[in-house]
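Raw run-v9.csv, CSV, C-alpha atoms and all ligand atoms:
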```csv
chain,number,residue,atom,x,y,z
A,1290,MET,CA,-8.5,-17.5,32.9
A,1291,THR,CA,-9.3,-14.8,35.4
A,1292,THR,CA,-10.3,-14.5,39.0
A,1293,GLY,CA,-14.0,-13.9,39.7
A,1294,ILE,CA,-16.2,-13.8,42.8
A,1295,ILE,CA,-18.9,-16.3,43.6
A,1296,ARG,CA,-21.3,-15.6,46.5
A,1297,CYS,CA,-21.7,-18.6,48.8
A,1298,GLU,CA,-23.7,-19.2,52.0
A,1299,GLY,CA,-21.5,-19.9,55.1
A,1300,ASN,CA,-22.3,-20.8,58.7
A,1301,GLY,CA,-21.0,-17.6,60.1
A,1302,ALA,CA,-17.8,-19.3,61.4
A,1303,GLY,CA,-15.8,-18.8,58.2
A,1304,GLU,CA,-16.7,-22.2,56.8
A,1305,THR,CA,-18.6,-23.0,53.6
A,1306,GLY,CA,-20.6,-26.0,52.7
A,1307,ALA,CA,-23.7,-27.6,54.2
A,1308,ILE,CA,-25.8,-25.4,56.5
A,1309,SER,CA,-27.2,-27.0,59.6
A,1310,ALA,CA,-30.9,-26.1,60.2
A,1311,ALA,CA,-30.1,-25.8,63.8
A,1312,GLY,CA,-27.0,-23.7,63.4
A,1313,PRO,CA,-26.5,-20.0,63.3
A,1314,SER,CA,-28.2,-18.0,60.5
A,1315,PRO,CA,-26.4,-18.4,57.2
A,1316,ARG,CA,-24.6,-15.4,55.8
A,1317,VAL,CA,-23.3,-14.6,52.4
A,1318,VAL,CA,-19.5,-14.8,52.0
A,1319,GLU,CA,-17.5,-14.1,48.9
A,1320,MET,CA,-15.2,-16.8,47.5
A,1321,PRO,CA,-12.8,-16.2,44.7
A,1322,VAL,CA,-13.2,-18.7,41.8
A,1323,ARG,CA,-11.5,-19.0,38.4
A,1324,LYS,CA,-13.8,-18.7,35.4
A,1325,GLU,CA,-13.2,-19.0,31.7
A,1326,VAL,CA,-12.6,-15.8,29.8
A,1327,ASP,CA,-13.5,-15.6,26.1
A,1328,GLU,CA,-10.1,-14.4,24.8
A,1329,GLY,CA,-11.7,-13.5,21.5
A,1330,ALA,CA,-13.6,-10.7,23.3
A,1331,LEU,CA,-10.4,-9.1,24.7
A,1332,THR,CA,-10.0,-5.6,23.3
A,1333,ALA,CA,-7.2,-3.2,22.5
A,1334,ARG,CA,-7.0,0.2,20.9
A,1335,ILE,CA,-5.5,0.0,17.5
A,1336,PHE,CA,-4.7,2.8,15.0
A,1337,ASN,CA,-3.7,0.8,12.0
A,1338,ILE,CA,-3.8,-2.8,10.6
A,1339,GLN,CA,-1.4,-2.8,7.7
A,1340,ARG,CA,-1.6,-5.8,5.3
A,1341,PHE,CA,1.2,-6.7,3.0
A,1342,SER,CA,3.8,-5.1,5.2
A,1343,THR,CA,7.4,-6.1,4.4
A,1344,GLU,CA,9.4,-4.0,6.9
A,1345,ASP,CA,8.3,-5.4,10.2
A,1346,GLY,CA,9.9,-8.9,10.1
A,1347,PRO,CA,10.5,-11.6,7.5
A,1348,GLY,CA,8.3,-12.1,4.5
A,1349,ILE,CA,4.9,-10.7,3.8
A,1350,ARG,CA,3.2,-9.7,7.1
A,1351,THR,CA,0.2,-8.1,8.6
A,1352,THR,CA,1.3,-5.5,11.1
A,1353,VAL,CA,-1.0,-4.5,13.9
A,1354,PHE,CA,-0.3,-1.0,15.3
A,1355,LEU,CA,-1.4,-0.7,18.9
A,1356,LYS,CA,-2.0,2.7,20.5
A,1357,GLY,CA,-0.2,4.0,23.5
A,1358,CYS,CA,3.5,4.0,24.4
A,1359,PRO,CA,5.4,4.6,27.7
A,1360,LEU,CA,8.1,6.5,25.8
A,1361,SER,CA,7.8,9.9,24.2
A,1362,CYS,CA,10.6,9.9,21.6
A,1363,PRO,CA,10.6,13.4,20.0
A,1364,TRP,CA,11.4,12.0,16.6
A,1365,CYS,CA,8.7,9.2,16.6
A,1366,SER,CA,7.5,8.6,13.0
A,1367,ASN,CA,4.2,7.5,14.4
A,1368,PRO,CA,3.3,10.3,16.9
A,1369,GLU,CA,-0.3,9.2,16.6
A,1370,SER,CA,0.7,6.0,18.4
A,1371,GLN,CA,2.0,7.6,21.6
A,1372,ALA,CA,-1.2,8.6,23.4
A,1373,GLY,CA,-3.3,5.6,24.5
A,1374,ASN,CA,-6.6,7.4,23.9
A,1375,THR,CA,-8.5,8.0,20.7
A,1376,GLU,CA,-7.7,11.5,19.4
A,1377,VAL,CA,-8.8,13.8,16.7
A,1378,ALA,CA,-6.4,14.8,13.8
A,1379,HIS,CA,-6.8,17.3,11.0
A,1380,SER,CA,-5.4,17.2,7.4
A,1381,ASP,CA,-5.2,20.9,6.5
A,1382,SER,CA,-4.8,20.3,2.8
A,1383,LEU,CA,-8.4,18.9,2.8
A,1384,CYS,CA,-10.0,21.8,4.7
A,1385,ASP,CA,-12.1,24.3,2.9
A,1386,HIS,CA,-12.6,26.6,5.9
A,1387,CYS,CA,-16.4,26.0,6.0
A,1388,ASN,CA,-16.4,26.7,9.8
A,1389,ARG,CA,-18.8,23.9,10.6
A,1390,CYS,CA,-16.4,22.2,13.0
A,1391,VAL,CA,-15.9,25.5,14.9
A,1392,GLU,CA,-19.7,25.9,15.3
A,1393,VAL,CA,-20.3,22.4,16.6
A,1394,CYS,CA,-17.5,22.3,19.2
A,1395,ASP,CA,-19.0,22.9,22.6
A,1396,ARG,CA,-15.6,23.4,24.2
A,1397,GLN,CA,-14.4,26.1,21.7
A,1398,ALA,CA,-11.3,24.0,21.2
A,1399,ILE,CA,-11.1,24.3,17.4
A,1400,SER,CA,-10.4,27.5,15.3
A,1401,LEU,CA,-9.7,28.3,11.7
A,1402,ASN,CA,-6.0,28.8,11.0
A,1403,PRO,CA,-5.5,31.9,8.9
A,1404,ALA,CA,-2.7,30.1,7.1
A,1405,GLY,CA,-5.1,27.3,6.1
A,1406,GLY,CA,-6.7,24.4,7.9
A,1407,VAL,CA,-7.6,24.5,11.6
A,1408,HIS,CA,-6.0,24.6,14.9
A,1409,ILE,CA,-7.1,22.5,17.8
A,1410,ASN,CA,-6.4,23.6,21.4
A,1411,ARG,CA,-5.4,20.2,22.8
A,1412,ASP,CA,-5.8,21.5,26.4
A,1413,ALA,CA,-9.5,22.3,25.7
A,1414,CYS,CA,-10.3,19.4,23.4
A,1415,ASP,CA,-11.7,16.3,25.0
A,1416,ASN,CA,-11.7,14.2,21.8
A,1417,CYS,CA,-15.5,14.0,21.8
A,1418,ALA,CA,-15.5,13.5,18.0
A,1419,LYS,CA,-18.5,15.8,17.5
A,1420,CYS,CA,-16.6,17.8,14.9
A,1421,VAL,CA,-15.7,14.8,12.7
A,1422,PRO,CA,-19.1,13.9,11.1
A,1423,VAL,CA,-19.9,17.6,10.3
A,1424,CYS,CA,-16.7,17.9,8.2
A,1425,GLY,CA,-17.7,17.2,4.6
A,1426,THR,CA,-14.2,17.1,3.2
A,1427,GLY,CA,-12.6,14.4,5.4
A,1428,ALA,CA,-10.2,16.9,6.9
A,1429,LEU,CA,-11.0,15.7,10.4
A,1430,ARG,CA,-10.8,12.1,11.6
A,1431,MET,CA,-10.4,10.2,14.9
A,1432,ILE,CA,-7.3,8.1,15.3
A,1433,GLY,CA,-7.6,4.8,17.3
A,1434,ASP,CA,-10.4,2.3,17.4
A,1435,GLU,CA,-11.3,-0.4,19.9
A,1436,TYR,CA,-10.9,-3.9,18.3
A,1437,THR,CA,-11.7,-7.3,19.7
A,1438,LEU,CA,-9.2,-10.0,19.3
A,1439,ASP,CA,-11.6,-11.9,17.1
A,1440,GLN,CA,-11.9,-8.9,14.8
A,1441,VAL,CA,-8.1,-8.5,14.5
A,1442,TYR,CA,-7.6,-12.2,13.9
A,1443,GLU,CA,-10.2,-12.2,11.1
A,1444,GLU,CA,-8.2,-9.5,9.4
A,1445,ILE,CA,-4.9,-11.3,9.9
A,1446,LYS,CA,-6.0,-14.6,8.6
A,1447,LYS,CA,-7.1,-13.2,5.3
A,1448,ASP,CA,-3.5,-13.3,4.1
A,1449,ALA,CA,-2.5,-16.6,5.6
A,1450,ALA,CA,-1.6,-18.0,2.2
A,1451,TYR,CA,0.8,-15.1,1.6
A,1452,TYR,CA,2.5,-15.7,5.0
A,1453,ARG,CA,3.0,-19.4,4.1
A,1454,ASN,CA,4.4,-18.6,0.7
A,1455,SER,CA,6.8,-15.9,1.9
A,1456,ASN,CA,7.8,-17.1,5.4
A,1457,GLY,CA,5.9,-14.1,6.7
A,1458,GLY,CA,3.4,-13.8,9.5
A,1459,VAL,CA,2.0,-11.2,11.9
A,1460,THR,CA,3.8,-8.4,13.7
A,1461,CYS,CA,2.5,-6.4,16.7
A,1462,SER,CA,4.0,-2.9,16.7
A,1463,GLY,CA,2.9,0.5,18.0
A,1464,GLY,CA,3.0,2.4,20.1
A,1465,GLU,CA,4.1,-0.3,22.4
A,1466,PRO,CA,2.5,-3.7,22.1
A,1467,LEU,CA,3.7,-4.7,25.5
A,1468,SER,CA,1.3,-2.1,26.9
A,1469,HIS,CA,-1.4,-4.5,25.7
A,1470,ALA,CA,0.4,-7.7,26.9
A,1471,ARG,CA,-2.7,-9.8,27.6
A,1472,PHE,CA,-4.2,-9.0,24.2
A,1473,VAL,CA,-1.0,-9.5,22.2
A,1474,ALA,CA,-0.1,-12.7,24.0
A,1475,ALA,CA,-3.6,-14.2,23.3
A,1476,LEU,CA,-3.4,-13.0,19.7
A,1477,PHE,CA,0.1,-14.5,19.2
A,1478,LYS,CA,-1.0,-17.7,20.8
A,1479,ARG,CA,-3.9,-18.0,18.4
A,1480,CYS,CA,-1.7,-17.1,15.4
A,1481,GLN,CA,1.0,-19.7,16.3
A,1482,ALA,CA,-1.6,-22.4,16.8
A,1483,ALA,CA,-2.6,-21.7,13.1
A,1484,GLY,CA,1.0,-21.9,12.0
A,1485,MET,CA,1.7,-18.2,11.7
A,1486,HIS,CA,5.1,-16.6,12.6
A,1487,THR,CA,4.8,-13.9,15.2
A,1488,THR,CA,7.0,-10.9,15.6
A,1489,LEU,CA,7.0,-8.4,18.5
A,1490,ASP,CA,8.3,-4.9,17.6
A,1491,THR,CA,9.1,-3.3,21.0
A,1492,CYS,CA,10.9,-0.5,22.8
A,1493,GLY,CA,11.3,-2.9,25.7
A,1494,SER,CA,9.8,-0.5,28.3
A,1495,ALA,CA,7.4,-2.7,30.2
A,1496,PRO,CA,7.0,-4.6,33.4
A,1497,ARG,CA,8.7,-8.0,33.3
A,1498,ARG,CA,5.3,-9.8,33.6
A,1499,ALA,CA,4.2,-8.3,30.4
A,1500,VAL,CA,7.4,-9.4,28.6
A,1501,GLU,CA,7.0,-13.0,30.0
A,1502,ARG,CA,3.4,-13.2,28.9
A,1503,VAL,CA,4.1,-12.1,25.3
A,1504,ILE,CA,7.4,-13.8,24.5
A,1505,GLU,CA,6.0,-17.1,25.4
A,1506,HIS,CA,4.2,-16.9,22.1
A,1507,THR,CA,6.7,-14.8,20.1
A,1508,ASP,CA,9.1,-16.2,17.4
A,1509,LEU,CA,11.1,-13.0,16.8
A,1510,VAL,CA,11.6,-9.8,18.7
A,1511,LEU,CA,12.6,-6.5,17.0
A,1512,PHE,CA,14.0,-4.6,19.9
A,1513,ASP,CA,14.6,-0.8,19.5
A,1514,PHE,CA,17.4,0.8,21.4
A,1515,LYS,CA,17.8,4.5,21.5
A,1516,ILE,CA,20.0,6.3,24.0
A,1517,PHE,CA,22.5,4.5,26.2
A,1518,ASP,CA,23.2,7.3,28.7
A,1519,PRO,CA,20.7,6.7,31.5
A,1520,ALA,CA,20.2,10.4,32.4
A,1521,ARG,CA,19.8,11.5,28.8
A,1522,HIS,CA,17.5,8.5,28.1
A,1523,SER,CA,15.1,9.5,31.0
A,1524,ALA,CA,15.3,13.2,30.1
A,1525,ILE,CA,14.6,12.7,26.3
A,1526,VAL,CA,12.3,9.8,26.1
A,1527,GLY,CA,10.7,10.0,29.5
A,1528,ALA,CA,11.4,6.5,30.9
A,1529,PRO,CA,14.3,4.7,32.6
A,1530,LEU,CA,16.8,2.9,30.5
A,1531,GLN,CA,17.6,0.1,33.0
A,1532,GLN,CA,14.3,-1.7,32.7
A,1533,ILE,CA,14.7,-1.8,28.9
A,1534,LEU,CA,18.2,-3.3,29.1
A,1535,ASP,CA,17.1,-5.8,31.7
A,1536,ASN,CA,14.2,-6.9,29.5
A,1537,ALA,CA,16.5,-7.3,26.5
A,1538,LYS,CA,18.7,-9.6,28.6
A,1539,TYR,CA,15.7,-11.5,29.8
A,1540,ILE,CA,14.4,-12.1,26.3
A,1541,VAL,CA,17.8,-13.4,25.1
A,1542,SER,CA,18.1,-15.6,28.2
A,1543,LYS,CA,14.9,-17.3,27.2
A,1544,GLY,CA,16.3,-18.2,23.8
A,1545,VAL,CA,13.8,-16.0,21.8
A,1546,ARG,CA,15.4,-14.7,18.6
A,1547,LEU,CA,16.1,-11.0,18.8
A,1548,ILE,CA,17.2,-8.4,16.3
A,1549,ALA,CA,18.5,-5.1,17.8
A,1550,ARG,CA,17.5,-2.0,16.0
A,1551,MET,CA,18.8,1.6,16.4
A,1552,PRO,CA,17.1,4.6,14.8
A,1553,LEU,CA,19.9,6.9,13.8
A,1554,ILE,CA,18.5,10.3,14.8
A,1555,PRO,CA,20.7,13.4,14.4
A,1556,GLY,CA,21.5,15.0,17.8
A,1557,TYR,CA,19.8,12.2,19.8
A,1558,THR,CA,21.2,8.7,19.0
A,1559,ASP,CA,23.9,9.2,16.3
A,1560,SER,CA,27.0,10.0,18.4
A,1561,ASP,CA,30.0,7.6,18.1
A,1562,GLU,CA,29.8,7.2,21.9
A,1563,ASN,CA,26.1,6.1,21.7
A,1564,VAL,CA,26.7,3.8,18.8
A,1565,SER,CA,29.6,2.1,20.6
A,1566,ALA,CA,27.5,1.7,23.7
A,1567,LEU,CA,24.8,-0.1,21.8
A,1568,ALA,CA,27.4,-2.4,20.1
A,1569,SER,CA,29.1,-3.1,23.4
A,1570,PHE,CA,25.8,-4.0,25.1
A,1571,ILE,CA,24.7,-6.3,22.2
A,1572,ARG,CA,28.1,-7.9,22.1
A,1573,ALA,CA,27.9,-8.6,25.9
A,1574,LEU,CA,24.4,-10.2,25.5
A,1575,GLY,CA,26.2,-13.0,23.6
A,1576,GLY,CA,24.7,-15.4,21.0
A,1577,TYR,CA,23.7,-14.3,17.5
A,1578,ILE,CA,22.0,-10.9,17.6
A,1579,PRO,CA,22.1,-8.9,14.3
A,1580,VAL,CA,21.9,-5.2,14.4
A,1581,ASN,CA,19.8,-3.1,12.1
A,1582,VAL,CA,20.6,0.6,11.7
A,1583,LEU,CA,17.5,2.7,10.7
A,1584,PRO,CA,18.7,6.0,9.2
A,1585,TYR,CA,16.6,9.1,10.2
A,1586,HIS,CA,13.9,10.2,7.7
A,1587,ARG,CA,11.3,12.9,7.9
A,1588,PHE,CA,8.2,10.9,6.7
A,1589,GLY,CA,6.3,11.3,9.9
A,1590,MET,CA,6.8,15.0,10.2
A,1591,ASN,CA,3.5,16.1,8.8
A,1592,LYS,CA,1.6,14.0,11.4
A,1593,TYR,CA,2.9,16.4,14.1
A,1594,GLN,CA,0.9,19.2,12.5
A,1595,MET,CA,-2.2,17.0,12.3
A,1596,LEU,CA,-1.9,16.6,16.0
A,1597,ASP,CA,-0.9,20.2,16.9
A,1598,ARG,CA,2.5,19.0,18.2
A,1599,SER,CA,6.0,20.2,17.7
A,1600,TYR,CA,8.5,18.0,15.9
A,1601,GLY,CA,11.6,17.2,18.0
A,1602,PRO,CA,14.3,17.0,15.3
A,1603,GLY,CA,13.2,20.3,13.8
A,1604,ASP,CA,15.1,21.0,10.6
A,1605,ALA,CA,17.6,18.2,11.1
A,1606,LYS,CA,18.8,16.6,7.9
A,1607,PRO,CA,18.9,12.8,7.3
A,1608,PRO,CA,22.5,11.5,7.8
A,1609,SER,CA,24.7,11.2,4.7
A,1610,ALA,CA,25.3,7.8,3.2
A,1611,GLU,CA,28.9,8.1,4.4
A,1612,ARG,CA,27.9,8.7,8.0
A,1613,VAL,CA,25.5,5.8,8.0
A,1614,GLU,CA,28.2,3.5,6.6
A,1615,SER,CA,30.6,4.7,9.3
A,1616,VAL,CA,28.1,3.8,11.9
A,1617,VAL,CA,27.6,0.3,10.4
A,1618,ASP,CA,31.4,-0.1,10.3
A,1619,ARG,CA,31.7,0.9,13.9
A,1620,ILE,CA,29.1,-1.7,15.0
A,1621,ARG,CA,30.7,-4.4,12.8
A,1622,SER,CA,34.1,-3.6,14.5
A,1623,PHE,CA,32.5,-5.2,17.6
A,1624,GLY,CA,32.2,-8.4,15.8
A,1625,LEU,CA,28.5,-8.0,15.1
A,1626,GLU,CA,26.5,-8.5,12.0
A,1627,CYS,CA,25.0,-5.1,11.0
A,1628,GLU,CA,22.9,-3.8,8.1
A,1629,ILE,CA,21.0,-0.7,7.1
A,1630,VAL,CA,17.2,-1.0,7.0
A,1631,THR,CA,15.3,1.9,5.4
B,1701,LIG,S1,-13.1,16.5,19.2
B,1701,LIG,FE1,-14.8,17.6,20.3
B,1701,LIG,S2,-13.7,19.0,21.7
B,1701,LIG,FE2,-12.2,18.3,20.2
B,1701,LIG,S3,-12.3,19.9,18.6
B,1701,LIG,FE3,-13.7,18.3,18.0
B,1701,LIG,S4,-15.7,18.9,18.8
B,1701,LIG,FE4,-14.1,20.1,19.8
B,1702,LIG,S1,-15.5,21.2,9.0
B,1702,LIG,FE1,-13.7,20.3,7.9
B,1702,LIG,S2,-13.5,21.5,6.1
B,1702,LIG,FE2,-14.8,22.7,7.5
B,1702,LIG,S3,-13.4,24.1,8.6
B,1702,LIG,FE3,-13.6,22.2,9.8
B,1702,LIG,S4,-11.9,20.9,9.2
B,1702,LIG,FE4,-12.2,22.5,7.6
```
Structure translated into structure tokens:
Amino acid sequence: MTTGIIRCEGNGAGETGAISAAGPSPRVVEMPVRKEVDEGALTARIFNIQRFSTEDGPGIRTTVFLKGCPLSCPWCSNPESQAGNTEVAHSDSLCDHCNRCVEVCDRQAISLNPAGGVHINRDACDNCAKCVPVCGTGALRMIGDEYTLDQVYEEIKKDAAYYRNSNGGVTCSGGEPLSHARFVAALFKRCQAAGMHTTLDTCGSAPRRAVERVIEHTDLVLFDFKIFDPARHSAIVGAPLQQILDNAKYIVSKGVRLIARMPLIPGYTDSDENVSALASFIRALGGYIPVNVLPYHRFGMNKYQMLDRSYGPGDAKPPSAERVESVVDRIRSFGLECEIVT
């Protein structure tokens, strides 16, 4: 439902209804009304719909990756998820230096890189997409498409039998799905009505209303925690910590199942102090909240080059198996269940 406006004739004295022929001239007043909205026509910008996903919740799932995130984690393995807008990306290994994209760009935003591939000046580029169709090799592509809820649901329901047989379902991830709360809530509502399990993969940085709206139709929340020092959190990921912690408490208070996850990023989240702060917070939440430790990997690194962005962790190496085990032991020492998820 949404609020709309209906134009009514009034008698000039702030009333509506029948107009007396003898009374003052009728005038048009605007009255709010509620009208039905076709939820299937709701849209969101999505950069991937991954079928047969096994890492984003139980069983076999379809994961919908929504574009746009309020955080800017410098290690993000999906940097293409962070900006809310559609953006051009380049795969330099496919580029044959034909120069066609340079010629077609009105903004002189794209240039050949002597080392191979192209460089896009992101301050000049307006993501107009004119360069993409002239590239014959597939080296250029736009990331992010507008989907209706009906279109996403059609994709999801193709694998309904797999969800049933594996106790799987649908996951909304990102980016930050709570940035598209209305869309995700309506999608989850429809999925649950069809008997599909719903999982929200979130960083928790969202207004409370968005959280309320979505968790009403959510079976499981995968809640990512990063940095527990408020000043470092704001400085590194660009958003306040407190709202995230408050939202985690709220979700638990509503009885929605939650799994806490911490990416173990060298130099950012992997200190003993930070790990203990996570464990202490989760312990204080009470109830059964398992913790997943996600060791750092470098799989998303090449995407930074595709987007002409620098990669925060630089040359940092993934943590050793011994270090990951010691983090798991530390979390377990708080009486929590903890496992490594790769
Ligand atoms: S998207 Fe448009 S502005 Fe950006 S590099 Fe391509 S043609 Fe130029
Ligand atoms: S049009 Fe494609 S292949 Fe040609 S220079 Fe541009 S990115 Fe490379």
Residue neighbourhood stretch 1442-1454 of chain A, 7 Å, only C-alpha atoms, exclusion window fewer than 4 positions, as a list in words: Gly1348, Ile1349, Arg1350, Thr1351, Leu1438 and Gly1458 of chain A
Any chance you can output those residues with C-alpha atoms as a tab-separated table (two decimals), in the frame of the given file?
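To be explicit, this is the file written out as out-v6.tsv:
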```tsv
chain	number	residue	atom	x	y	z
A	1348	GLY	CA	8.30	-12.10	4.50
A	1349	ILE	CA	4.90	-10.70	3.80
A	1350	ARG	CA	3.20	-9.70	7.10
A	1351	THR	CA	0.20	-8.10	8.60
A	1438	LEU	CA	-9.20	-10.00	19.30
A	1458	GLY	CA	3.40	-13.80	9.50
```
Compile a residue-level contact table for chain A against ligand LIG 1701 (chain B) at a cut-off of 8 Å, reporting for every qualifying residue the shortest atom pair and its distance in Å to one decimal, with only C-alpha atoms and all ligand atoms counted, rows ordered by chain and ascending number, as JSON lines.
```
{"residue": "A:Glu1376", "atom": "CA", "partner": "B:LIG1701", "partner_atom": "S1", "distance": 7.4}
{"residue": "A:Val1377", "atom": "CA", "partner": "B:LIG1701", "partner_atom": "S1", "distance": 5.7}
{"residue": "A:Cys1390", "atom": "CA", "partner": "B:LIG1701", "partner_atom": "S4", "distance": 6.7}
{"residue": "A:Val1391", "atom": "CA", "partner": "B:LIG1701", "partner_atom": "FE4", "distance": 7.5}
{"residue": "A:Val1393", "atom": "CA", "partner": "B:LIG1701", "partner_atom": "S4", "distance": 6.2}
{"residue": "A:Cys1394", "atom": "CA", "partner": "B:LIG1701", "partner_atom": "S4", "distance": 3.9}
{"residue": "A:Asp1395", "atom": "CA", "partner": "B:LIG1701", "partner_atom": "FE4", "distance": 6.3}
{"residue": "A:Arg1396", "atom": "CA", "partner": "B:LIG1701", "partner_atom": "S2", "distance": 5.4}
{"residue": "A:Gln1397", "atom": "CA", "partner": "B:LIG1701", "partner_atom": "FE4", "distance": 6.3}
{"residue": "A:Ala1398", "atom": "CA", "partner": "B:LIG1701", "partner_atom": "S3", "distance": 5.0}
{"residue": "A:Ile1399", "atom": "CA", "partner": "B:LIG1701", "partner_atom": "S3", "distance": 4.7}
{"residue": "A:Ile1409", "atom": "CA", "partner": "B:LIG1701", "partner_atom": "S3", "distance": 5.9}
{"residue": "A:Asn1410", "atom": "CA", "partner": "B:LIG1701", "partner_atom": "S3", "distance": 7.5}
{"residue": "A:Arg1411", "atom": "CA", "partner": "B:LIG1701", "partner_atom": "FE2", "distance": 7.5}
{"residue": "A:Ala1413", "atom": "CA", "partner": "B:LIG1701", "partner_atom": "S2", "distance": 6.7}
{"residue": "A:Cys1414", "atom": "CA", "partner": "B:LIG1701", "partner_atom": "S2", "distance": 3.8}
{"residue": "A:Asp1415", "atom": "CA", "partner": "B:LIG1701", "partner_atom": "S2", "distance": 4.7}
{"residue": "A:Asn1416", "atom": "CA", "partner": "B:LIG1701", "partner_atom": "S1", "distance": 3.7}
{"residue": "A:Cys1417", "atom": "CA", "partner": "B:LIG1701", "partner_atom": "FE1", "distance": 4.0}
{"residue": "A:Ala1418", "atom": "CA", "partner": "B:LIG1701", "partner_atom": "S1", "distance": 4.0}
{"residue": "A:Lys1419", "atom": "CA", "partner": "B:LIG1701", "partner_atom": "S4", "distance": 4.4}
{"residue": "A:Cys1420", "atom": "CA", "partner": "B:LIG1701", "partner_atom": "S4", "distance": 4.2}
{"residue": "A:Val1421", "atom": "CA", "partner": "B:LIG1701", "partner_atom": "FE3", "distance": 6.7}
```
Separation of atom CA of A:Tyr1539 from atom CA of A:Phe1354 in Å: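 Those two atoms sit 24.0 Å apart.
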Exercise answer, 12 Å around ligand LIG 1702 (chain B) with only C-alpha atoms and all ligand atoms, as a ChimeraX atom specification: /A:1377-1394,1398-1403,1405-1409,1418-1430,1595
Residues within 8 Å of A:Arg1546, all atoms listed in the file, excluding chain neighbours under 3 positions, as a list in words: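 Final neighbour list, sorted by chain and number: Asp1508, Leu1509, Val1510, Val1541 and Ile1578 of chain A.
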Given the point (0.4, 14.0, 13.8) in the file's coordinates, find the residues that have an atom at most 9 Å from it, counting all atoms listed in the file, and give them as a CSV table (one decimal) with C-alpha atoms, in the coordinates of the input.
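Okay, this is what ended up in result_34.csv:
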```
chain,number,residue,atom,x,y,z
A,1366,SER,CA,7.5,8.6,13.0
A,1367,ASN,CA,4.2,7.5,14.4
A,1368,PRO,CA,3.3,10.3,16.9
A,1369,GLU,CA,-0.3,9.2,16.6
A,1378,ALA,CA,-6.4,14.8,13.8
A,1379,HIS,CA,-6.8,17.3,11.0
A,1589,GLY,CA,6.3,11.3,9.9
A,1590,MET,CA,6.8,15.0,10.2
A,1591,ASN,CA,3.5,16.1,8.8
A,1592,LYS,CA,1.6,14.0,11.4
A,1593,TYR,CA,2.9,16.4,14.1
A,1594,GLN,CA,0.9,19.2,12.5
A,1595,MET,CA,-2.2,17.0,12.3
A,1596,LEU,CA,-1.9,16.6,16.0
A,1597,ASP,CA,-0.9,20.2,16.9
A,1598,ARG,CA,2.5,19.0,18.2
```
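Closest approach to A:Ser1462 from the set A:Val1564, A:Ala1499, A:Ile1335, A:Leu1355 is made by A:Leu1355, with distances taken over only C-alpha atoms.
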Which residue of A:Thr1460, A:Ile1548, A:Ser1542, A:Gln1481 approaches A:Phe1514 most closely, using all atoms listed in the file: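 That would be A:Ile1548, the residue with the smallest distance to A:Phe1514.
Pairwise distance (atom CA of A:Trp1364, atom CA of A:Thr1507) equals 27.4 Å.
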Straight-line distance linking atom CA of A:Gly1575 with atom CA of A:Gly1624, stated in Å to one decimal: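 If I compute the distance from atom CA of A:Gly1575 to atom CA of A:Gly1624, I get 10.9 Å.
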Nearest candidate to A:Tyr1600 (options A:Asp1345, A:Gly1576, A:Cys1362, A:Phe1336; using all atoms listed in the file): A:Cys1362
Nearest to A:Thr1488 by atom-to-atom distance, counting all atoms listed in the file, from A:Ser1599, A:Ser1615, A:Asn1456, A:Thr1631: A:Asn1456
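Shortest separation to A:Cys1358 among A:Ala1372, A:Ala1573, A:Ile1533, A:Val1616 occurs at residue A:Ala1372, atoms counted being only C-alpha atoms.
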Residues within 7 Å of stretch 1601-1614 of chain A, only C-alpha atoms, excluding chain neighbours under 3 positions, as a VMD selection string: chain A and resid 1363 to 1364 1555 1584 to 1586 1617 to 1618
Nearby residues, (14.6, -8.7, 26.7) file frame, 9 Å, all atoms listed in the file, as an MDAnalysis selection string: chainID A and resid 1493 1497 1500 1510 1512 1533:1543 1545 1547
Nearest to A:Val1459 by atom-to-atom distance, counting all atoms listed in the file, from A:Ser1370, A:Gln1532, A:Gln1339, A:Ser1361: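 Closest residue, counting all atoms listed in the file: A:Gln1339.
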